[in-house]
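Heads up, run.csv below (CSV, C-alpha atoms and all ligand atoms):
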```csv
chain,number,residue,atom,x,y,z
A,22,MET,CA,17.2,68.6,27.4
A,23,THR,CA,17.3,64.8,27.0
A,24,ARG,CA,16.9,62.7,23.9
A,25,GLU,CA,13.3,62.1,25.0
A,26,ASN,CA,12.2,65.8,24.6
A,27,LEU,CA,14.3,66.8,21.6
A,28,ARG,CA,12.8,69.7,19.7
A,29,ILE,CA,13.9,71.7,16.6
A,30,ASN,CA,13.7,75.5,16.6
A,31,GLY,CA,10.8,76.4,14.2
A,32,GLN,CA,11.8,80.0,13.9
A,33,ARG,CA,15.3,79.2,12.8
A,34,LEU,CA,13.9,76.8,10.1
A,35,ILE,CA,11.6,79.5,8.9
A,36,ASP,CA,14.3,82.1,8.8
A,37,ARG,CA,16.4,79.8,6.6
A,38,LEU,CA,13.5,79.1,4.3
A,39,LYS,CA,12.9,82.8,3.9
A,40,ALA,CA,16.6,83.5,3.3
A,41,LEU,CA,16.8,80.8,0.6
A,42,GLY,CA,13.6,82.1,-0.8
A,43,GLU,CA,15.3,85.5,-1.4
A,44,VAL,CA,17.5,83.8,-4.0
A,45,GLY,CA,15.8,84.0,-7.3
A,46,ALA,CA,12.8,85.7,-5.6
A,47,LEU,CA,9.9,86.5,-7.9
A,48,PRO,CA,7.8,89.7,-7.8
A,49,GLY,CA,4.7,88.9,-5.7
A,50,GLY,CA,6.4,86.0,-3.8
A,51,GLY,CA,7.7,82.7,-4.8
A,52,VAL,CA,11.0,81.8,-6.4
A,53,CYS,CA,12.5,80.7,-9.7
A,54,ARG,CA,15.7,78.7,-9.3
A,55,LEU,CA,15.6,76.4,-12.3
A,56,ALA,CA,18.3,73.8,-12.1
A,57,LEU,CA,21.9,74.8,-12.9
A,58,THR,CA,21.1,78.5,-13.5
A,59,ASP,CA,23.0,81.3,-11.8
A,60,ASP,CA,20.3,81.5,-9.2
A,61,ASP,CA,20.6,77.8,-8.5
A,62,ARG,CA,24.3,78.4,-8.0
A,63,ALA,CA,23.6,81.3,-5.5
A,64,GLY,CA,21.2,78.9,-3.7
A,65,ARG,CA,23.8,76.2,-3.6
A,66,ASP,CA,26.4,78.6,-2.2
A,67,LEU,CA,24.1,79.8,0.5
A,68,VAL,CA,23.2,76.2,1.6
A,69,THR,CA,26.7,74.8,1.5
A,70,GLY,CA,27.8,77.9,3.5
A,71,TRP,CA,25.3,77.0,6.1
A,72,MET,CA,26.4,73.4,6.0
A,73,ARG,CA,30.0,74.4,6.7
A,74,ASN,CA,29.0,76.8,9.5
A,75,LEU,CA,27.2,73.8,11.1
A,76,GLY,CA,30.4,71.8,11.0
A,77,LEU,CA,29.4,69.5,8.3
A,78,SER,CA,32.0,68.2,5.9
A,79,VAL,CA,30.7,69.0,2.4
A,80,THR,CA,31.4,66.9,-0.7
A,81,THR,CA,30.0,67.4,-4.2
A,82,ASP,CA,29.8,64.7,-6.9
A,83,ALA,CA,30.1,64.9,-10.6
A,84,ILE,CA,26.4,65.6,-11.2
A,85,GLY,CA,26.5,68.4,-8.6
A,86,ASN,CA,24.7,66.5,-5.7
A,87,VAL,CA,25.9,68.0,-2.4
A,88,PHE,CA,26.4,66.0,0.8
A,89,GLY,CA,27.0,67.5,4.2
A,90,LEU,CA,28.3,64.8,6.6
A,91,ARG,CA,28.1,64.9,10.4
A,92,ALA,CA,30.3,62.3,12.0
A,93,GLY,CA,28.9,59.7,14.4
A,94,THR,CA,30.6,58.0,17.3
A,95,GLU,CA,31.1,55.1,14.8
A,96,ASP,CA,32.0,55.1,11.1
A,97,GLY,CA,29.9,53.6,8.5
A,98,PRO,CA,27.2,54.7,6.0
A,99,PRO,CA,25.3,57.7,7.3
A,100,VAL,CA,21.6,58.0,7.9
A,101,MET,CA,20.7,60.5,5.2
A,102,THR,CA,18.0,63.2,4.8
A,103,GLY,CA,17.6,65.9,2.2
A,104,SER,CA,15.8,66.8,-1.0
A,105,HIS,CA,16.4,69.5,-3.6
A,106,ILE,CA,16.8,73.3,-3.9
A,107,ASP,CA,16.1,73.7,-7.6
A,108,THR,CA,12.6,74.9,-8.4
A,109,VAL,CA,10.1,75.2,-11.2
A,110,ARG,CA,9.8,78.6,-12.9
A,111,THR,CA,6.9,79.4,-10.7
A,112,GLY,CA,8.1,77.8,-7.5
A,113,GLY,CA,7.3,78.4,-3.8
A,114,LEU,CA,9.5,78.5,-0.8
A,115,TYR,CA,8.9,75.0,0.4
A,116,ASP,CA,9.0,72.4,-2.4
A,117,GLY,CA,12.3,70.6,-1.8
A,118,ASN,CA,13.8,73.4,0.2
A,119,LEU,CA,12.0,72.3,3.3
A,120,GLY,CA,13.6,68.8,3.2
A,121,VAL,CA,17.1,70.3,3.0
A,122,LEU,CA,16.7,73.0,5.5
A,123,ALA,CA,14.9,70.8,8.0
A,124,GLY,CA,17.9,68.5,7.7
A,125,LEU,CA,20.2,71.5,8.6
A,126,GLU,CA,17.8,72.4,11.5
A,127,VAL,CA,18.1,68.8,12.8
A,128,VAL,CA,21.9,69.1,12.7
A,129,GLU,CA,21.8,72.5,14.5
A,130,THR,CA,19.5,71.1,17.2
A,131,LEU,CA,21.9,68.2,17.8
A,132,ASN,CA,24.9,70.6,17.8
A,133,ASP,CA,23.2,72.8,20.3
A,134,LEU,CA,22.6,69.8,22.6
A,135,GLY,CA,26.1,68.4,22.1
A,136,ILE,CA,24.5,65.1,20.9
A,137,THR,CA,26.6,62.8,18.7
A,138,THR,CA,24.6,60.0,17.2
A,139,ARG,CA,26.1,56.5,16.8
A,140,ARG,CA,25.9,56.5,13.0
A,141,PRO,CA,26.9,59.5,10.9
A,142,LEU,CA,24.2,61.8,9.6
A,143,CYS,CA,24.1,63.3,6.2
A,144,VAL,CA,22.1,66.2,4.7
A,145,ALA,CA,22.0,66.1,0.9
A,146,PHE,CA,20.6,68.1,-1.9
A,147,PHE,CA,20.3,66.5,-5.3
A,148,THR,CA,20.7,68.2,-8.6
A,149,ASN,CA,17.7,68.9,-10.9
A,150,GLU,CA,14.9,67.2,-9.0
A,151,GLU,CA,12.3,69.2,-10.8
A,152,GLY,CA,13.1,68.2,-14.4
A,153,ALA,CA,11.5,71.4,-15.5
A,154,ARG,CA,14.6,72.5,-17.4
A,155,PHE,CA,16.3,69.1,-18.0
A,156,ALA,CA,14.4,65.8,-18.2
A,157,PRO,CA,14.1,63.5,-16.4
A,158,ASP,CA,13.1,64.8,-13.0
A,159,MET,CA,15.0,63.4,-10.0
A,160,MET,CA,18.1,63.4,-12.3
A,161,GLY,CA,20.8,63.9,-9.6
A,162,SER,CA,19.4,61.2,-7.3
A,163,LEU,CA,18.8,58.9,-10.2
A,164,VAL,CA,22.5,59.2,-11.2
A,165,TYR,CA,23.5,58.8,-7.5
A,166,VAL,CA,21.8,55.5,-7.2
A,167,GLY,CA,23.2,54.2,-10.6
A,168,GLY,CA,19.9,54.5,-12.5
A,169,MET,CA,21.3,56.7,-15.2
A,170,PRO,CA,24.9,56.8,-16.5
A,171,LEU,CA,26.6,60.0,-15.7
A,172,ASP,CA,27.6,60.6,-19.3
A,173,GLU,CA,24.0,60.3,-20.4
A,174,ALA,CA,22.8,62.8,-17.8
A,175,LEU,CA,25.6,65.3,-18.7
A,176,ALA,CA,24.5,65.1,-22.4
A,177,VAL,CA,20.8,65.9,-21.7
A,178,GLU,CA,19.7,68.9,-23.6
A,179,GLY,CA,17.4,71.3,-21.7
A,180,ILE,CA,14.4,73.4,-22.8
A,181,ASP,CA,16.8,76.2,-23.8
A,182,GLY,CA,19.1,74.0,-25.9
A,183,THR,CA,22.0,73.9,-23.3
A,184,THR,CA,23.3,70.7,-21.8
A,185,VAL,CA,23.5,69.6,-18.2
A,186,GLY,CA,27.2,69.2,-18.5
A,187,ASP,CA,27.7,72.7,-19.9
A,188,CYS,CA,25.5,74.2,-17.3
A,189,LEU,CA,27.2,72.3,-14.5
A,190,ASN,CA,30.5,73.7,-15.7
A,191,ALA,CA,29.2,77.2,-16.2
A,192,ILE,CA,28.1,77.5,-12.5
A,193,ASP,CA,31.0,75.3,-11.3
A,194,ALA,CA,28.6,72.9,-9.6
A,195,ALA,CA,30.3,69.6,-10.2
A,196,GLY,CA,32.7,68.2,-7.7
A,197,PRO,CA,35.3,65.5,-7.3
A,198,ALA,CA,33.4,63.0,-5.2
A,199,SER,CA,32.6,59.8,-7.0
A,200,VAL,CA,29.1,59.2,-8.0
A,201,GLY,CA,27.3,57.0,-5.5
A,202,ALA,CA,29.3,58.2,-2.5
A,203,PRO,CA,28.6,58.3,0.3
A,204,GLU,CA,26.8,55.0,0.7
A,205,VAL,CA,23.7,55.4,2.7
A,206,HIS,CA,22.3,53.4,5.6
A,207,ALA,CA,18.7,54.8,5.3
A,208,PHE,CA,17.0,57.8,3.8
A,209,VAL,CA,14.1,60.0,5.1
A,210,GLU,CA,12.8,63.0,3.2
A,211,LEU,CA,10.5,65.6,4.7
A,212,HIS,CA,8.4,67.4,2.0
A,213,ILE,CA,5.3,69.4,1.7
A,214,GLU,CA,2.4,67.3,0.4
A,215,GLN,CA,1.8,69.6,-2.6
A,216,GLY,CA,-1.8,68.3,-2.7
A,217,PRO,CA,-5.0,68.8,-0.8
A,218,VAL,CA,-5.4,65.6,1.1
A,219,LEU,CA,-3.9,66.4,4.5
A,220,GLU,CA,-5.6,69.7,4.7
A,221,GLU,CA,-9.0,68.2,3.7
A,222,GLN,CA,-8.6,65.5,6.3
A,223,GLY,CA,-7.4,67.8,9.0
A,224,VAL,CA,-4.3,65.7,9.5
A,225,THR,CA,-0.8,67.1,10.3
A,226,ILE,CA,1.6,64.4,9.1
A,227,GLY,CA,1.5,62.1,6.1
A,228,ALA,CA,3.4,58.8,6.4
A,229,VAL,CA,4.1,58.3,2.7
A,230,GLY,CA,3.8,54.7,1.6
A,231,MET,CA,4.5,55.0,-2.0
A,232,VAL,CA,5.1,57.4,-5.0
A,233,GLN,CA,2.9,57.0,-8.0
A,234,GLY,CA,4.3,56.1,-11.4
A,235,ILE,CA,5.4,59.0,-13.7
A,236,SER,CA,5.3,59.1,-17.5
A,237,TRP,CA,6.5,62.1,-19.4
A,238,THR,CA,6.3,62.1,-23.2
A,239,GLU,CA,7.1,64.9,-25.7
A,240,PHE,CA,5.2,64.8,-29.0
A,241,THR,CA,6.2,66.7,-32.1
A,242,ILE,CA,3.7,67.0,-35.0
A,243,THR,CA,4.7,68.2,-38.4
A,244,GLY,CA,2.1,69.3,-40.9
A,245,THR,CA,1.9,72.0,-43.6
A,246,SER,CA,1.4,75.7,-43.1
A,247,ASN,CA,-1.3,77.2,-45.2
A,248,HIS,CA,-3.8,80.1,-45.5
A,249,ALA,CA,-6.4,80.1,-42.7
A,250,GLY,CA,-9.0,81.7,-45.0
A,251,THR,CA,-8.6,79.8,-48.2
A,252,THR,CA,-7.7,76.3,-47.3
A,253,PRO,CA,-10.7,74.0,-47.2
A,254,MET,CA,-10.9,71.9,-44.1
A,255,ARG,CA,-10.6,68.7,-46.1
A,256,LEU,CA,-7.2,69.9,-47.5
A,257,ARG,CA,-5.5,70.8,-44.2
A,258,HIS,CA,-2.5,69.1,-42.6
A,259,ASP,CA,-2.9,71.0,-39.3
A,260,ALA,CA,-0.3,70.1,-36.7
A,261,GLY,CA,-2.0,72.3,-34.2
A,262,TYR,CA,-5.3,70.5,-34.5
A,263,VAL,CA,-3.8,67.1,-33.9
A,264,ALA,CA,-1.9,68.4,-30.9
A,265,MET,CA,-4.9,70.1,-29.4
A,266,ALA,CA,-7.2,67.2,-29.9
A,267,THR,CA,-4.6,64.8,-28.3
A,268,ALA,CA,-4.3,67.2,-25.4
A,269,THR,CA,-8.0,67.3,-24.9
A,270,PHE,CA,-8.2,63.5,-25.2
A,271,ALA,CA,-5.5,63.1,-22.5
A,272,ARG,CA,-7.5,65.3,-20.1
A,273,ASP,CA,-10.7,63.5,-20.7
A,274,LEU,CA,-9.0,60.2,-20.4
A,275,ALA,CA,-7.9,60.9,-16.8
A,276,THR,CA,-11.5,62.0,-16.0
A,277,ARG,CA,-12.9,58.8,-17.5
A,278,MET,CA,-10.3,56.5,-15.8
A,279,GLY,CA,-10.8,58.2,-12.4
A,280,GLY,CA,-9.0,56.8,-9.4
A,281,HIS,CA,-5.4,58.1,-9.1
A,282,GLN,CA,-5.1,58.8,-12.9
A,283,VAL,CA,-4.0,62.3,-13.6
A,284,SER,CA,-3.0,63.9,-16.9
A,285,THR,CA,-1.3,67.2,-17.7
A,286,VAL,CA,-0.3,69.0,-20.9
A,287,GLY,CA,2.0,71.6,-19.4
A,288,SER,CA,4.1,72.6,-22.3
A,289,PHE,CA,2.6,73.4,-25.7
A,290,GLU,CA,3.9,75.3,-28.7
A,291,LEU,CA,2.8,76.0,-32.2
A,292,LYS,CA,4.6,77.4,-35.2
A,293,PRO,CA,4.4,79.8,-36.8
A,294,ASN,CA,1.9,80.7,-34.1
A,295,LEU,CA,0.0,83.3,-36.1
A,296,VAL,CA,-3.7,84.0,-36.2
A,297,ASN,CA,-4.1,83.4,-39.9
A,298,VAL,CA,-1.7,80.5,-40.6
A,299,VAL,CA,-2.5,76.8,-40.2
A,300,ALA,CA,0.3,75.5,-37.9
A,301,ASN,CA,2.9,73.3,-39.5
A,302,HIS,CA,4.5,72.4,-36.2
A,303,ALA,CA,3.3,71.5,-32.8
A,304,ARG,CA,5.3,70.4,-29.8
A,305,PHE,CA,3.7,69.4,-26.5
A,306,THR,CA,4.3,67.3,-23.5
A,307,VAL,CA,2.0,64.8,-21.8
A,308,ASP,CA,2.5,64.0,-18.1
A,309,LEU,CA,0.6,60.9,-17.0
A,310,ARG,CA,0.7,59.5,-13.5
A,311,ASN,CA,-1.0,56.7,-11.6
A,312,THR,CA,-0.3,54.7,-8.5
A,313,ASP,CA,-1.1,51.5,-10.5
A,314,GLU,CA,1.5,50.6,-13.2
A,315,ALA,CA,-0.9,48.6,-15.3
A,316,LEU,CA,-3.4,51.5,-15.4
A,317,LEU,CA,-0.5,53.9,-16.2
A,318,GLN,CA,0.5,51.7,-19.2
A,319,GLN,CA,-3.2,51.7,-20.3
A,320,ALA,CA,-3.3,55.5,-20.2
A,321,GLU,CA,0.0,55.7,-22.2
A,322,ALA,CA,-1.3,53.3,-24.8
A,323,GLU,CA,-4.6,55.1,-25.2
A,324,VAL,CA,-2.8,58.5,-25.8
A,325,MET,CA,-0.4,56.9,-28.2
A,326,ALA,CA,-3.3,55.3,-30.2
A,327,VAL,CA,-5.2,58.5,-30.4
A,328,VAL,CA,-2.4,60.7,-31.5
A,329,THR,CA,-1.4,58.1,-34.1
A,330,SER,CA,-4.9,57.9,-35.6
A,331,LEU,CA,-5.5,61.6,-35.5
A,332,ALA,CA,-2.2,62.2,-37.3
A,333,ALA,CA,-3.0,59.6,-40.0
A,334,ALA,CA,-6.4,61.1,-40.6
A,335,GLU,CA,-5.0,64.7,-40.8
A,336,GLY,CA,-2.0,63.6,-43.0
A,337,VAL,CA,0.7,64.9,-40.5
A,338,GLU,CA,3.7,63.2,-39.1
A,339,VAL,CA,4.1,62.5,-35.4
A,340,THR,CA,7.2,61.6,-33.5
A,341,HIS,CA,7.6,61.2,-29.8
A,342,ARG,CA,10.3,60.7,-27.2
A,343,SER,CA,10.1,59.7,-23.5
A,344,LEU,CA,11.3,62.4,-21.2
A,345,ALA,CA,10.8,60.5,-18.0
A,346,ARG,CA,9.4,57.1,-17.0
A,347,PHE,CA,9.3,55.8,-13.5
A,348,ALA,CA,7.2,53.0,-12.2
A,349,PRO,CA,5.4,53.4,-8.9
A,350,VAL,CA,7.7,53.0,-5.9
A,351,ALA,CA,6.8,51.4,-2.6
A,352,PHE,CA,8.7,52.7,0.5
A,353,HIS,CA,10.2,50.4,3.1
A,354,PRO,CA,7.3,49.1,5.4
A,355,GLY,CA,9.3,49.3,8.6
A,356,MET,CA,10.4,52.9,7.8
A,357,VAL,CA,6.9,54.0,7.0
A,358,ALA,CA,5.7,52.5,10.2
A,359,LYS,CA,8.5,54.3,12.1
A,360,VAL,CA,7.4,57.6,10.6
A,361,GLU,CA,3.8,56.9,11.6
A,362,ALA,CA,4.6,55.8,15.1
A,363,THR,CA,7.0,58.8,15.6
A,364,ALA,CA,4.3,61.2,14.5
A,365,LYS,CA,1.8,59.6,16.9
A,366,GLY,CA,4.3,59.6,19.7
A,367,LEU,CA,4.7,63.3,19.3
A,368,GLY,CA,0.9,63.7,19.5
A,369,HIS,CA,0.3,64.5,15.9
A,370,SER,CA,-2.6,63.2,13.7
A,371,VAL,CA,-1.1,61.1,11.0
A,372,MET,CA,-2.3,59.2,7.9
A,373,ARG,CA,-0.7,56.9,5.4
A,374,MET,CA,-0.9,58.2,1.9
A,375,PRO,CA,0.7,57.9,-1.6
A,376,SER,CA,2.7,60.7,-3.1
A,377,GLY,CA,1.4,62.4,-6.2
A,378,ALA,CA,4.6,64.2,-6.9
A,379,GLY,CA,8.0,62.7,-7.8
A,380,HIS,CA,10.7,62.9,-5.1
A,381,ASP,CA,14.4,62.1,-4.7
A,382,ALA,CA,13.3,59.5,-2.0
A,383,GLN,CA,11.9,57.3,-4.8
A,384,MET,CA,15.3,57.0,-6.2
A,385,LEU,CA,17.0,56.5,-2.8
A,386,ALA,CA,14.5,53.6,-2.2
A,387,ARG,CA,16.5,51.7,-4.8
A,388,VAL,CA,19.6,51.5,-2.6
A,389,CYS,CA,18.4,51.7,1.1
A,390,PRO,CA,15.4,51.6,3.4
A,391,THR,CA,13.5,54.8,2.6
A,392,ALA,CA,10.5,56.8,3.8
A,393,MET,CA,9.0,60.2,3.5
A,394,VAL,CA,7.2,62.6,5.9
A,395,PHE,CA,4.5,64.9,4.4
A,396,VAL,CA,3.1,68.1,5.9
A,397,PRO,CA,0.0,69.9,4.6
A,398,SER,CA,0.0,72.4,1.7
A,399,VAL,CA,-2.5,75.2,2.2
A,400,HIS,CA,-5.3,74.8,-0.4
A,401,GLY,CA,-3.2,72.0,-1.9
A,402,ILE,CA,-1.3,74.5,-4.0
A,403,SER,CA,2.3,73.9,-5.2
A,404,HIS,CA,4.5,74.7,-8.3
A,405,ASN,CA,2.9,78.1,-7.7
A,406,ILE,CA,4.3,81.2,-6.0
A,407,HIS,CA,1.5,81.0,-3.4
A,408,GLU,CA,2.6,77.6,-2.2
A,409,HIS,CA,2.4,77.8,1.6
A,410,THR,CA,2.6,75.6,4.7
A,411,ALA,CA,1.7,76.8,8.2
A,412,PRO,CA,4.7,77.4,10.5
A,413,ALA,CA,3.3,75.0,13.1
A,414,ASP,CA,3.1,72.2,10.4
A,415,LEU,CA,6.7,72.9,9.2
A,416,GLU,CA,7.8,72.6,12.8
A,417,ALA,CA,5.8,69.4,13.3
A,418,GLY,CA,7.3,67.8,10.3
A,419,ALA,CA,10.8,68.8,11.2
A,420,ASN,CA,10.3,67.4,14.7
A,421,VAL,CA,9.1,64.1,13.2
A,422,LEU,CA,12.2,64.1,11.0
A,423,LEU,CA,14.5,64.8,13.9
A,424,ARG,CA,13.1,61.9,15.9
A,425,VAL,CA,13.2,59.5,13.0
A,426,LEU,CA,16.7,60.4,12.1
A,427,VAL,CA,18.1,60.1,15.6
A,428,ASP,CA,16.3,56.8,16.1
A,429,LEU,CA,17.8,55.4,12.9
A,430,ALA,CA,21.2,56.7,13.8
A,431,GLU,CA,21.3,55.2,17.3
B,1,LIG,C1,8.4,67.0,-9.4
B,1,LIG,O1,8.2,68.1,-8.8
B,1,LIG,C2,7.2,66.4,-10.1
B,1,LIG,O2,6.9,66.8,-11.2
B,1,LIG,O3,6.6,65.5,-9.4
B,2,MN,MN,10.0,68.6,-4.6
B,3,MN,MN,8.5,70.2,-7.4
```

Translate this structure into structure tokens?
Ligand code: GLV
Ligand code: MN
Ligand code: MN
Amino acid sequence: MTRENLRINGQRLIDRLKALGEVGALPGGGVCRLALTDDDRAGRDLVTGWMRNLGLSVTTDAIGNVFGLRAGTEDGPPVMTGSHIDTVRTGGLYDGNLGVLAGLEVVETLNDLGITTRRPLCVAFFTNEEGARFAPDMMGSLVYVGGMPLDEALAVEGIDGTTVGDCLNAIDAAGPASVGAPEVHAFVELHIEQGPVLEEQGVTIGAVGMVQGISWTEFTITGTSNHAGTTPMRLRHDAGYVAMATATFARDLATRMGGHQVSTVGSFELKPNLVNVVANHARFTVDLRNTDEALLQQAEAEVMAVVTSLAAAEGVEVTHRSLARFAPVAFHPGMVAKVEATAKGLGHSVMRMPSGAGHDAQMLARVCPTAMVFVPSVHGISHNIHEHTAPADLEAGANVLLRVLVDLAE
């Protein structure tokens, strides 16, 4: 085989996806490997074992990012690919995992053919991309690019009250490599789309031009508990009501704004959470996203104005804290064009598209030319155990990744 007809082994890629999907497997399918849990550790061990078997030299940094380096004929910063292997609580087998395991499949393909690229190659997985347990999302790659001080990341408290630092220690996931090493020449991430667009358009490959802005805010409302039967409506200080009305407003806001505006209240709790007690405490999150930074700011301002006025009218206290805030990120035009041309050259249908989800690539874009390759998600379902991508599409995406990486490394 020559460099002109390079092809990955689709079955080998699927076998690794399935094997990693066994770690933290959920009844009925899917997987739960929340960041820095014992299951995350088992997933890390499996993937780093594969890296070593493929001859990669493995380094781990202080936030637990793992880098598998394949030497080139010349030294210098590697061409990097990768993603994450942590998942949400109701994760599928592909989100993140595909990008990492396709990177390993690229390496194995090159090993089989005895091809050494000019520049080194690197397959990485970054800690806590999901942000589901510890905010913000993309934490490992954010620290790697210098966007968050290590100490600050280690001190982040998760949804269960533990800290990133303690959990890194507990699963022995931190390593001695300095944060920011290795430097990177260029970064390409293969990922499932996680949305419906490619499937709806009947297109196999997405050349991702940008990632939309992300705004996560946690609101805490403090009111007064009282009897549900005896307390007149005019005398209530109902934290639950203010939370629910704000959540409903946020949903309607996205519908009203239209375009790329989306809005999600994904975490919501009331105390004392009883049928006949007015809630004295509510805590909920608002996830707002838009491709347009000005519109995202407008959405944030509207939610803030509404929660503030509802709280004043109800006589409750509201506090808020930002869990994550990232402006929209444009990828490198030349890199996006390369993904598009490579997909076309392989005979695949391809379209340019924004990413609705956050990705490690949006952090890497701060330090090197970066692009992403998307493949379709069946019914646009993700963060769900039924997340699925057809084997032929996995293979197509991995072949595009292979060609783009080899091209960048030559
Ligand atoms: C990460 O998966 C995100 O929430 O976009
Ligand atoms: Mn992901
Ligand atoms: Mn995800």

TODO: All residues within 6 Å of ligand MN 2 (chain B) are required, counting only C-alpha atoms and all ligand atoms; please report them as a ChimeraX atom specification.
DONE: /A:116-117,380

Task: Protein and nucleic acid residues near (-0.2, 66.4, 7.1) (cut-off 8 Å, all atoms listed in the file) as a list in words - done: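 These residues have at least one counted atom within 8 Å: Glu214, Val218, Leu219, Glu220, Gly223, Val224, Thr225, Ile226, Gly227, Ser370, Val371, Met372, Phe395, Val396, Pro397 and Asp414 of chain A.
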
Got time to write the residues from that selection, C-alpha atoms, as a PDB file, keeping the file's coordinate frame?
```
ATOM      1  CA  GLU A 214       2.400  67.300   0.400  1.00  0.00           C
ATOM      2  CA  VAL A 218      -5.400  65.600   1.100  1.00  0.00           C
ATOM      3  CA  LEU A 219      -3.900  66.400   4.500  1.00  0.00           C
ATOM      4  CA  GLU A 220      -5.600  69.700   4.700  1.00  0.00           C
ATOM      5  CA  GLY A 223      -7.400  67.800   9.000  1.00  0.00           C
ATOM      6  CA  VAL A 224      -4.300  65.700   9.500  1.00  0.00           C
ATOM      7  CA  THR A 225      -0.800  67.100  10.300  1.00  0.00           C
ATOM      8  CA  ILE A 226       1.600  64.400   9.100  1.00  0.00           C
ATOM      9  CA  GLY A 227       1.500  62.100   6.100  1.00  0.00           C
ATOM     10  CA  SER A 370      -2.600  63.200  13.700  1.00  0.00           C
ATOM     11  CA  VAL A 371      -1.100  61.100  11.000  1.00  0.00           C
ATOM     12  CA  MET A 372      -2.300  59.200   7.900  1.00  0.00           C
ATOM     13  CA  PHE A 395       4.500  64.900   4.400  1.00  0.00           C
ATOM     14  CA  VAL A 396       3.100  68.100   5.900  1.00  0.00           C
ATOM     15  CA  PRO A 397       0.000  69.900   4.600  1.00  0.00           C
ATOM     16  CA  ASP A 414       3.100  72.200  10.400  1.00  0.00           C
TER      17      ASP A 414
END
```

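Going from atom CA of Glu210 of chain A to atom CA of Ser104 of chain A covers 6.4 Å.
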
Would you compute the box with edges along x, y and z of the file around ligand LIG 1 (chain B), including every atom the file lists for it and 5 Å extra on each side, and give its centre and edge lengths in Å to one decimal, as AutoDock Vina command-line options?
```
--center_x 7.5 --center_y 66.8 --center_z -10.0 --size_x 11.8 --size_y 12.6 --size_z 12.4
```

TODO: Could you check which of A:Ala56, A:Val350, A:Ala413, A:Cys143 is closest to ligand MN 3 (chain B), using only C-alpha atoms and all ligand atoms?
DONE: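 Of A:Ala56, A:Val350, A:Ala413, A:Cys143, the one nearest ligand MN 3 (chain B), counting only C-alpha atoms and all ligand atoms, is A:Ala56.
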
Open item on the list: Ranking A:Thr108, A:Thr312, A:Gln215, A:Thr241 by minimum distance to Met159 of chain A and counting only C-alpha atoms, which one comes first?
Closed with: A:Thr108

TODO: Can you work out which one of A:Thr111, A:Thr130, A:Asn86, A:Thr252 has the shortest atom-to-atom distance to ligand MN 3 (chain B), counting only C-alpha atoms and all ligand atoms?
DONE: A:Thr111

Can I get the residues of chain A within 10 Å of ligand LIG 1 (chain B), each with the closest pair of atoms and their distance in Å to one decimal, using all atoms listed in the file, sorted chain first then ascending number, as JSON lines?
```
{"residue": "A:His105", "atom": "CA", "partner": "B:LIG1", "partner_atom": "O1", "distance": 9.8}
{"residue": "A:Asp107", "atom": "CA", "partner": "B:LIG1", "partner_atom": "O1", "distance": 9.8}
{"residue": "A:Thr108", "atom": "CA", "partner": "B:LIG1", "partner_atom": "O1", "distance": 8.1}
{"residue": "A:Val109", "atom": "CA", "partner": "B:LIG1", "partner_atom": "O1", "distance": 7.7}
{"residue": "A:Gly112", "atom": "CA", "partner": "B:LIG1", "partner_atom": "O1", "distance": 9.8}
{"residue": "A:Asp116", "atom": "CA", "partner": "B:LIG1", "partner_atom": "O1", "distance": 7.8}
{"residue": "A:Gly117", "atom": "CA", "partner": "B:LIG1", "partner_atom": "O1", "distance": 8.5}
{"residue": "A:Asn149", "atom": "CA", "partner": "B:LIG1", "partner_atom": "C1", "distance": 9.6}
{"residue": "A:Glu150", "atom": "CA", "partner": "B:LIG1", "partner_atom": "C1", "distance": 6.5}
{"residue": "A:Glu151", "atom": "CA", "partner": "B:LIG1", "partner_atom": "C1", "distance": 4.7}
{"residue": "A:Gly152", "atom": "CA", "partner": "B:LIG1", "partner_atom": "C1", "distance": 7.0}
{"residue": "A:Ala153", "atom": "CA", "partner": "B:LIG1", "partner_atom": "O2", "distance": 7.8}
{"residue": "A:Pro157", "atom": "CA", "partner": "B:LIG1", "partner_atom": "O2", "distance": 9.5}
{"residue": "A:Asp158", "atom": "CA", "partner": "B:LIG1", "partner_atom": "C1", "distance": 6.3}
{"residue": "A:Met159", "atom": "CA", "partner": "B:LIG1", "partner_atom": "C1", "distance": 7.5}
{"residue": "A:Gln215", "atom": "CA", "partner": "B:LIG1", "partner_atom": "O1", "distance": 9.0}
{"residue": "A:Val232", "atom": "CA", "partner": "B:LIG1", "partner_atom": "O3", "distance": 9.3}
{"residue": "A:Gln233", "atom": "CA", "partner": "B:LIG1", "partner_atom": "O3", "distance": 9.4}
{"residue": "A:Gly234", "atom": "CA", "partner": "B:LIG1", "partner_atom": "O3", "distance": 9.9}
{"residue": "A:Ile235", "atom": "CA", "partner": "B:LIG1", "partner_atom": "O3", "distance": 7.9}
{"residue": "A:Trp237", "atom": "CA", "partner": "B:LIG1", "partner_atom": "O2", "distance": 9.5}
{"residue": "A:Asp308", "atom": "CA", "partner": "B:LIG1", "partner_atom": "O2", "distance": 8.6}
{"residue": "A:Arg310", "atom": "CA", "partner": "B:LIG1", "partner_atom": "O3", "distance": 9.4}
{"residue": "A:Ser376", "atom": "CA", "partner": "B:LIG1", "partner_atom": "O3", "distance": 8.8}
{"residue": "A:Gly377", "atom": "CA", "partner": "B:LIG1", "partner_atom": "O3", "distance": 6.8}
{"residue": "A:Ala378", "atom": "CA", "partner": "B:LIG1", "partner_atom": "O3", "distance": 3.5}
{"residue": "A:Gly379", "atom": "CA", "partner": "B:LIG1", "partner_atom": "O3", "distance": 3.5}
{"residue": "A:His380", "atom": "CA", "partner": "B:LIG1", "partner_atom": "C1", "distance": 6.4}
{"residue": "A:Asp381", "atom": "CA", "partner": "B:LIG1", "partner_atom": "C1", "distance": 9.1}
{"residue": "A:Ser403", "atom": "CA", "partner": "B:LIG1", "partner_atom": "O1", "distance": 9.0}
{"residue": "A:His404", "atom": "CA", "partner": "B:LIG1", "partner_atom": "O1", "distance": 7.6}
```
